[in-house]
$ cat input.cif   # mmCIF, C-alpha atoms
data_entry
loop_
_atom_site.group_PDB
_atom_site.id
_atom_site.type_symbol
_atom_site.label_atom_id
_atom_site.label_comp_id
_atom_site.auth_asym_id
_atom_site.auth_seq_id
_atom_site.Cartn_x
_atom_site.Cartn_y
_atom_site.Cartn_z
ATOM 1 C CA MET C 174 139.267 -47.874 100.129
ATOM 2 C CA SER C 175 139.584 -48.442 96.376
ATOM 3 C CA GLU C 176 139.652 -51.639 94.382
ATOM 4 C CA ARG C 177 142.989 -53.078 93.218
ATOM 5 C CA GLY C 178 143.014 -51.249 89.876
ATOM 6 C CA SER C 179 140.550 -51.685 87.068
ATOM 7 C CA ARG C 180 140.131 -55.211 85.746
ATOM 8 C CA LYS C 181 139.275 -56.045 82.160
ATOM 9 C CA THR C 182 135.838 -57.511 81.540
ATOM 10 C CA GLN C 183 134.494 -59.258 78.459
ATOM 11 C CA ILE C 184 131.228 -60.874 77.408
ATOM 12 C CA GLY C 185 131.250 -64.232 75.642
ATOM 13 C CA ILE C 186 129.519 -67.539 75.028
ATOM 14 C CA VAL C 187 130.429 -70.761 76.880
ATOM 15 C CA VAL C 188 131.597 -73.369 74.347
ATOM 16 C CA SER C 189 132.781 -76.081 76.755
ATOM 17 C CA ASP C 190 132.005 -76.991 80.363
ATOM 18 C CA LYS C 191 133.606 -80.443 80.521
ATOM 19 C CA MET C 192 136.338 -79.500 83.011
ATOM 20 C CA GLU C 193 135.934 -79.245 86.776
ATOM 21 C CA LYS C 194 135.490 -75.609 87.881
ATOM 22 C CA THR C 195 136.518 -74.345 84.418
ATOM 23 C CA ALA C 196 134.580 -73.180 81.364
ATOM 24 C CA VAL C 197 135.898 -72.244 77.932
ATOM 25 C CA VAL C 198 134.427 -68.904 76.831
ATOM 26 C CA LYS C 199 134.512 -67.672 73.220
ATOM 27 C CA VAL C 200 134.668 -63.872 72.886
ATOM 28 C CA ASP C 201 133.953 -62.270 69.494
ATOM 29 C CA ARG C 202 135.137 -58.823 68.419
ATOM 30 C CA LEU C 203 134.963 -56.790 65.223
ATOM 31 C CA VAL C 204 138.134 -55.367 63.667
ATOM 32 C CA LYS C 205 138.295 -53.047 60.695
ATOM 33 C CA HIS C 206 140.355 -54.236 57.708
ATOM 34 C CA PRO C 207 143.116 -51.678 57.060
ATOM 35 C CA VAL C 208 142.734 -51.654 53.260
ATOM 36 C CA TYR C 209 139.134 -52.637 52.523
ATOM 37 C CA ASN C 210 137.550 -50.839 55.511
ATOM 38 C CA LYS C 211 135.194 -53.735 56.130
ATOM 39 C CA TYR C 212 134.613 -55.214 59.556
ATOM 40 C CA ILE C 213 135.861 -58.754 60.165
ATOM 41 C CA LYS C 214 134.754 -60.943 63.061
ATOM 42 C CA ARG C 215 137.662 -62.232 65.157
ATOM 43 C CA SER C 216 137.279 -64.555 68.121
ATOM 44 C CA ALA C 217 139.369 -65.700 71.062
ATOM 45 C CA LYS C 218 138.813 -68.514 73.547
ATOM 46 C CA TYR C 219 139.551 -68.010 77.233
ATOM 47 C CA LYS C 220 139.528 -70.551 80.059
ATOM 48 C CA ALA C 221 137.557 -69.055 82.927
ATOM 49 C CA HIS C 222 137.229 -70.197 86.547
ATOM 50 C CA ASP C 223 133.699 -71.279 87.486
ATOM 51 C CA GLU C 224 133.684 -72.171 91.184
ATOM 52 C CA VAL C 225 130.228 -73.800 91.336
ATOM 53 C CA ASN C 226 130.098 -75.217 87.773
ATOM 54 C CA ALA C 227 127.003 -73.082 87.060
ATOM 55 C CA ALA C 228 127.771 -72.137 83.446
ATOM 56 C CA LYS C 229 126.511 -74.480 80.736
ATOM 57 C CA ILE C 230 127.217 -74.633 76.991
ATOM 58 C CA GLY C 231 125.502 -71.770 75.169
ATOM 59 C CA ASP C 232 125.230 -69.435 78.178
ATOM 60 C CA LYS C 233 126.202 -65.786 77.749
ATOM 61 C CA VAL C 234 128.596 -64.858 80.576
ATOM 62 C CA LEU C 235 130.566 -61.900 81.871
ATOM 63 C CA ILE C 236 134.203 -62.770 82.577
ATOM 64 C CA VAL C 237 136.682 -60.648 84.512
ATOM 65 C CA GLU C 238 140.475 -60.710 84.502
ATOM 66 C CA THR C 239 142.061 -62.207 87.614
ATOM 67 C CA ARG C 240 145.343 -63.589 88.911
ATOM 68 C CA PRO C 241 146.751 -66.678 87.154
ATOM 69 C CA MET C 242 144.965 -69.738 88.525
ATOM 70 C CA SER C 243 146.693 -72.344 86.362
ATOM 71 C CA LYS C 244 148.831 -72.591 83.234
ATOM 72 C CA ASP C 245 146.212 -70.968 80.962
ATOM 73 C CA LYS C 246 143.433 -69.835 83.315
ATOM 74 C CA ARG C 247 143.480 -66.054 83.893
ATOM 75 C CA TRP C 248 139.753 -65.201 83.852
ATOM 76 C CA LYS C 249 136.859 -65.754 86.250
ATOM 77 C CA ILE C 250 133.135 -65.911 85.488
ATOM 78 C CA ARG C 251 131.497 -63.034 87.332
ATOM 79 C CA GLN C 252 127.892 -63.601 86.268
ATOM 80 C CA ILE C 253 125.696 -65.510 83.855
ATOM 81 C CA ILE C 254 123.919 -62.877 81.774
ATOM 82 C CA GLU C 255 121.686 -65.147 79.708
ATOM 83 C CA SER C 256 121.054 -68.821 80.300
ATOM 84 C CA LYS C 257 120.488 -71.191 77.382
ATOM 85 C CA ALA C 258 118.392 -73.610 79.442
#

$ encode --input "input.cif" --output "structure tokens"
Amino acid sequence: MSERGSRKTQIGIVVSDKMEKTAVVKVDRLVKHPVYNKYIKRSAKYKAHDEVNAAKIGDKVLIVETRPMSKDKRWKIRQIIESKA
């Protein structure tokens, strides 16, 4: 019995935990400039479901893609990799 397809995973830092069962996670990535061939840091913020409100600001977390849970929530926190506390 196989899993329902492969789900995207990303690692990011929690920047907000003020909502109930939701954390905002900032994910950084490096992209190469097409002309200058230098790497530029780009970031994106994702709202991720946190069922037990375990993630705190500054924690490094692993998020996984999931079904839409609300208007902008499409990710779920799978595990806290590194805790700031």

$ resolve_selection --input "input.cif" --expression "the PyMOL selection byres ((chain C and resi 192-198) around 8)" --output "PyMOL selection string"
chain C and resi 185-191+199-200+218-226+228

$ write_last_selection --input "input.cif" --atoms "C-alpha atoms" --output "compact mmCIF listing (two decimals), keeping the file's coordinate frame"
# COMPACT_ATOMS: atom_id res chain seq x y z
CA GLY C 185 131.25 -64.23 75.64
CA ILE C 186 129.52 -67.54 75.03
CA VAL C 187 130.43 -70.76 76.88
CA VAL C 188 131.60 -73.37 74.35
CA SER C 189 132.78 -76.08 76.76
CA ASP C 190 132.00 -76.99 80.36
CA LYS C 191 133.61 -80.44 80.52
CA LYS C 199 134.51 -67.67 73.22
CA VAL C 200 134.67 -63.87 72.89
CA LYS C 218 138.81 -68.51 73.55
CA TYR C 219 139.55 -68.01 77.23
CA LYS C 220 139.53 -70.55 80.06
CA ALA C 221 137.56 -69.06 82.93
CA HIS C 222 137.23 -70.20 86.55
CA ASP C 223 133.70 -71.28 87.49
CA GLU C 224 133.68 -72.17 91.18
CA VAL C 225 130.23 -73.80 91.34
CA ASN C 226 130.10 -75.22 87.77
CA ALA C 228 127.77 -72.14 83.45

$ residues_around --input "input.cif" --residues "region 246-253 of chain C" --least-positions-apart "2" --cutoff "8 Å" --atoms "all atoms listed in the file" --output "PyMOL selection string"
chain C and resi 219-223+228+232-244+255-256

$ write_last_selection --input "input.cif" --atoms "C-alpha atoms" --output "mmCIF file, in the coordinates of the input"
data_model
loop_
_atom_site.group_PDB
_atom_site.id
_atom_site.type_symbol
_atom_site.label_atom_id
_atom_site.label_comp_id
_atom_site.auth_asym_id
_atom_site.auth_seq_id
_atom_site.Cartn_x
_atom_site.Cartn_y
_atom_site.Cartn_z
ATOM 1 C CA TYR C 219 139.551 -68.010 77.233
ATOM 2 C CA LYS C 220 139.528 -70.551 80.059
ATOM 3 C CA ALA C 221 137.557 -69.055 82.927
ATOM 4 C CA HIS C 222 137.229 -70.197 86.547
ATOM 5 C CA ASP C 223 133.699 -71.279 87.486
ATOM 6 C CA ALA C 228 127.771 -72.137 83.446
ATOM 7 C CA ASP C 232 125.230 -69.435 78.178
ATOM 8 C CA LYS C 233 126.202 -65.786 77.749
ATOM 9 C CA VAL C 234 128.596 -64.858 80.576
ATOM 10 C CA LEU C 235 130.566 -61.900 81.871
ATOM 11 C CA ILE C 236 134.203 -62.770 82.577
ATOM 12 C CA VAL C 237 136.682 -60.648 84.512
ATOM 13 C CA GLU C 238 140.475 -60.710 84.502
ATOM 14 C CA THR C 239 142.061 -62.207 87.614
ATOM 15 C CA ARG C 240 145.343 -63.589 88.911
ATOM 16 C CA PRO C 241 146.751 -66.678 87.154
ATOM 17 C CA MET C 242 144.965 -69.738 88.525
ATOM 18 C CA SER C 243 146.693 -72.344 86.362
ATOM 19 C CA LYS C 244 148.831 -72.591 83.234
ATOM 20 C CA GLU C 255 121.686 -65.147 79.708
ATOM 21 C CA SER C 256 121.054 -68.821 80.300
#

$ closest_residue --input "input.cif" --among "C:His206, C:Lys229, C:Lys181, C:Arg215" --to "Ile254 (chain C)" --atoms "all atoms listed in the file"
C:Lys229

$ atom_distance --input "input.cif" --atom1 "CA of Ile184 (chain C)" --atom2 "CA of Lys214 (chain C)"
14.8 Å

$ axis_aligned_box --input "input.cif" --around "region 245-253 of chain C" --padding-each-side "5 Å" --output "lines of an AutoDock Vina configuration file"
center_x = 136.0
center_y = -67.0
center_z = 84.1
size_x = 30.5
size_y = 17.9
size_z = 16.4
